[in-house]
Every structure is written in C-alpha cells, then in structure tokens.
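**Student:** So that we are looking at the same thing, I have put the structure below in structure tokens.
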Amino acid sequence: VREGADVAELTGLLGLDEDWPAGMRVIVRRERPHPGAQLRFDDVDGYRLTAFATNTTQGQLADLEVRHRRRARCEDRIRIAKDMGLRNLSLTSFAQNRIWCQIVALASETTAWMGLLGYPGQPSRRWEPKRLRHRLFQIPATIARHARQQVLHFSDRSIWAGIVQAGHARLAQLPAPAG
C-alpha cells in the first residue's frame, strides 16, 4: 500500500479483439512519481501509468501488480546488455552485427547466471558489469595442474579474491547439466 497509488483492471474498457488470447487481463498502476523524479511525456496529470497483461485469473489486483513489479527486470537487463557492448553495433555488415548481438546476449546471460548460482545471498550477485570487471574479472590468477587436478591460485593482494574463490567453489560443486 502506498499513498497516491492505485491499481485497476482495464480489460473491459479496451475492446480487445479476437487476436488477443482468451483469459488475458490488462492491469494498470497509477502513482505519483517519487519526489525529484523526472516527469515523462506520457505521464498524465502528474501520474505515472504502468500497464501489464497477465492470464492469471486468481488473486487481488494489488498482489498481481506487486508480483509483476518484482519479476520485471527487463529494463535492468537491457541496460546491462548495453554496458556489455550492445550500445554500438560497430561492425560493417548485418551478419557480423547479428553475431555480435549473440555474443553480447551470451555474456549477459553468463554473468546473470554466475551471480544467481555462484554468489547467492551476497551483494556481488547484483553488481553491474563495470563493477564486476573492476573487482572480480581483473584479479590476477594462475591455473596449476597437480595430481591430475586443476588448482586455481588467486593473488593475495586483491581484497576481492575471497569472493571469487567462494563463488568458484560454489560453481564447481554444481552438477553437470544433463544432455
């Protein structure tokens, strides 16, 4: 519950045609932007409108809207992909830029899964790419092979080496994917 915020269902007012899937609902949240927020051109009478579609039929509108906001991280993922190289498509042909986009998507997904699986419950799980590069990805390390095993040695000078070692140990304990 927030002062000045309202949630309503607008499905019946929109006149959705037969192309719209059966059982879909459109829910809209209206709230005043927080103090100091930049108003957008689509804000109506000082209110910011946010709409989403769902096929969930049970639950109160406010609960559905909260669930949607918690799960909606699309804007963050787009910003992270831009930070990882999607901002400029600097190659010359469409085919080359298509491959570049796939490489950026792979890097974005790898870092997202690394944070989710390797660093659960730690602040480093939510670090942006720039912070990851400066703190975790640039730690000097060596790989040694001894007794048919690979051993990873990190520099003692880095204050972030403990986080990387814990994450590496957690990732190494995961079972191999099936298939």
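Note on naming: chains are A, B, ... as they come in the structure tokens, residues start from 1 per chain, ligands start from 1 in the order shown.
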Write out as a PyMOL selection string the residues lying within 10 Å of region 52-60 of chain A, counting only C-alpha atoms and excluding same-chain residues fewer than 4 positions away.

**Tutor:** chain A and resi 7+9+11+21-29+64-65+68-69

**Student:** For the residues in the current selection, export N, CA and C atoms as a compact mmCIF listing (two decimals), in the first residue's frame.

**Tutor:**
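Here's the written file again19.txt:
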```
# COMPACT_ATOMS: atom_id res chain seq x y z
N VAL A 7 -4.49 0.79 -8.31
CA VAL A 7 -4.42 -0.30 -9.27
C VAL A 7 -5.82 -0.58 -9.77
N GLU A 9 -8.18 -2.72 -13.16
CA GLU A 9 -8.19 -3.60 -14.33
C GLU A 9 -8.95 -2.89 -15.45
N THR A 11 -9.34 -4.30 -18.69
CA THR A 11 -9.58 -5.25 -19.77
C THR A 11 -10.88 -4.96 -20.49
N PRO A 21 -5.36 -13.29 -26.74
CA PRO A 21 -5.62 -14.62 -26.15
C PRO A 21 -6.76 -14.58 -25.12
N ALA A 22 -7.52 -15.65 -25.07
CA ALA A 22 -8.63 -15.73 -24.12
C ALA A 22 -8.10 -15.75 -22.70
N GLY A 23 -8.78 -15.05 -21.81
CA GLY A 23 -8.40 -15.03 -20.40
C GLY A 23 -7.35 -13.99 -20.05
N MET A 24 -6.87 -13.22 -21.01
CA MET A 24 -5.85 -12.20 -20.72
C MET A 24 -6.50 -10.99 -20.07
N ARG A 25 -5.79 -10.41 -19.12
CA ARG A 25 -6.26 -9.24 -18.39
C ARG A 25 -5.21 -8.15 -18.50
N VAL A 26 -5.66 -6.90 -18.53
CA VAL A 26 -4.77 -5.74 -18.53
C VAL A 26 -4.97 -5.01 -17.21
N ILE A 27 -3.88 -4.89 -16.46
CA ILE A 27 -3.91 -4.24 -15.15
C ILE A 27 -3.01 -3.02 -15.21
N VAL A 28 -3.49 -1.91 -14.67
CA VAL A 28 -2.77 -0.64 -14.73
C VAL A 28 -2.54 -0.12 -13.32
N ARG A 29 -1.33 0.38 -13.08
CA ARG A 29 -0.99 1.02 -11.81
C ARG A 29 -0.80 2.50 -12.08
N LEU A 64 -1.22 -9.07 -7.74
CA LEU A 64 -0.71 -9.36 -9.09
C LEU A 64 0.27 -8.29 -9.54
N GLU A 65 -0.04 -7.05 -9.22
CA GLU A 65 0.83 -5.94 -9.64
C GLU A 65 2.17 -6.00 -8.91
N HIS A 68 4.20 -8.71 -10.45
CA HIS A 68 4.73 -8.27 -11.75
C HIS A 68 5.94 -7.35 -11.57
N ARG A 69 5.86 -6.40 -10.65
CA ARG A 69 6.99 -5.48 -10.45
C ARG A 69 8.22 -6.21 -9.94
```

**Student:** Within 10 Å of Ser155 (chain A), counting only C-alpha atoms, which residues qualify if same-chain residues fewer than 2 places away don't, as a count of residues only?

**Tutor:** 10

**Student:** Pick out the residues sitting within 12 Å of Ile78 (chain A), and hand them over as a PyMOL selection string; count only C-alpha atoms, and ignore anything fewer than 3 positions along from it in its own chain.

**Tutor:** chain A and resi 72-75+81-87+104-105+108-109+128

**Student:** From a DSSP calculation on the backbone, collect every residue of region 6-179 of chain A in helix (DSSP H, G or I) and output the set as an MDAnalysis selection string.

**Tutor:** chainID A and resid 11:14 61:71 74:86 94:118 123:126 129:135 161:172

**Student:** Hey, can you spit out that residue selection with C-alpha atoms as a short mmCIF file (atom, residue, chain, number, x, y, z; two decimals), in the first residue's frame?

**Tutor:**
```
data_model
loop_
_atom_site.label_atom_id
_atom_site.label_comp_id
_atom_site.auth_asym_id
_atom_site.auth_seq_id
_atom_site.Cartn_x
_atom_site.Cartn_y
_atom_site.Cartn_z
CA THR A 11 -9.58 -5.25 -19.77
CA GLY A 12 -13.26 -4.50 -20.38
CA LEU A 13 -12.59 -0.91 -21.43
CA LEU A 14 -10.02 -1.69 -24.11
CA LEU A 61 -5.12 -6.82 -8.38
CA ALA A 62 -2.61 -5.29 -5.95
CA ASP A 63 -1.00 -8.70 -5.34
CA LEU A 64 -0.71 -9.36 -9.09
CA GLU A 65 0.83 -5.94 -9.64
CA VAL A 66 3.41 -6.46 -6.87
CA ARG A 67 4.30 -9.87 -8.34
CA HIS A 68 4.73 -8.27 -11.75
CA ARG A 69 6.99 -5.48 -10.45
CA ARG A 70 9.18 -7.96 -8.58
CA ARG A 71 9.62 -10.13 -11.65
CA CYS A 74 13.71 -6.34 -18.25
CA GLU A 75 14.88 -2.72 -18.16
CA ASP A 76 17.86 -3.65 -15.99
CA ARG A 77 18.83 -6.48 -18.34
CA ILE A 78 18.64 -4.14 -21.34
CA ARG A 79 20.86 -1.57 -19.59
CA ILE A 80 23.34 -4.30 -18.64
CA ALA A 81 23.41 -5.60 -22.23
CA LYS A 82 24.14 -2.07 -23.44
CA ASP A 83 27.01 -1.82 -20.94
CA MET A 84 28.38 -5.12 -22.25
CA GLY A 85 28.57 -3.97 -25.87
CA LEU A 86 25.08 -3.69 -27.30
CA PHE A 94 24.22 -7.15 -40.76
CA ALA A 95 25.51 -10.72 -40.37
CA GLN A 96 28.52 -9.55 -38.34
CA ASN A 97 26.33 -7.38 -36.09
CA ARG A 98 23.93 -10.30 -35.62
CA ILE A 99 26.81 -12.46 -34.36
CA TRP A 100 27.95 -9.58 -32.13
CA CYS A 101 24.44 -9.37 -30.61
CA GLN A 102 24.52 -13.10 -29.89
CA ILE A 103 27.92 -12.77 -28.20
CA VAL A 104 26.60 -9.91 -26.03
CA ALA A 105 23.50 -11.97 -25.14
CA LEU A 106 25.70 -14.91 -24.18
CA ALA A 107 27.90 -12.67 -21.99
CA SER A 108 24.84 -11.11 -20.33
CA GLU A 109 23.29 -14.48 -19.59
CA THR A 110 26.59 -15.89 -18.31
CA THR A 111 27.08 -13.06 -15.83
CA ALA A 112 23.43 -13.24 -14.73
CA TRP A 113 23.66 -17.00 -14.07
CA MET A 114 27.07 -16.55 -12.43
CA GLY A 115 25.55 -14.14 -9.94
CA LEU A 116 22.50 -16.31 -9.36
CA LEU A 117 24.36 -19.60 -8.89
CA GLY A 118 27.80 -18.53 -7.71
CA PRO A 123 25.93 -8.16 -2.62
CA SER A 124 28.20 -9.15 -5.52
CA ARG A 125 25.24 -11.01 -7.03
CA ARG A 126 23.70 -7.73 -8.16
CA PRO A 129 29.23 -5.25 -15.42
CA LYS A 130 31.60 -2.34 -14.78
CA ARG A 131 31.94 -3.23 -11.10
CA LEU A 132 32.32 -6.92 -11.94
CA ARG A 133 35.13 -6.11 -14.37
CA HIS A 134 36.99 -3.90 -11.90
CA ARG A 135 36.58 -6.12 -8.85
CA ALA A 161 39.80 -12.76 -4.12
CA GLY A 162 37.79 -14.37 -1.30
CA ILE A 163 34.53 -13.62 -3.11
CA VAL A 164 35.84 -15.16 -6.32
CA GLN A 165 37.16 -18.24 -4.51
CA ALA A 166 33.83 -18.80 -2.75
CA GLY A 167 31.91 -18.32 -6.00
CA HIS A 168 34.25 -20.60 -7.92
CA ALA A 169 33.91 -23.31 -5.26
CA ARG A 170 30.12 -22.99 -5.34
CA LEU A 171 30.02 -23.19 -9.14
CA ALA A 172 32.41 -26.18 -9.16
#
```

**Student:** Using Å and a single decimal, report how far CA of Pro120 (chain A) sits from CA of Val151 (chain A).

**Tutor:** 23.3 Å

**Student:** Among region 37-157 of chain A, which residues carry a DSSP assignment of strand (DSSP E or B), reported as a ChimeraX atom specification?

**Tutor:** /A:44,47-54,141-146,149-154
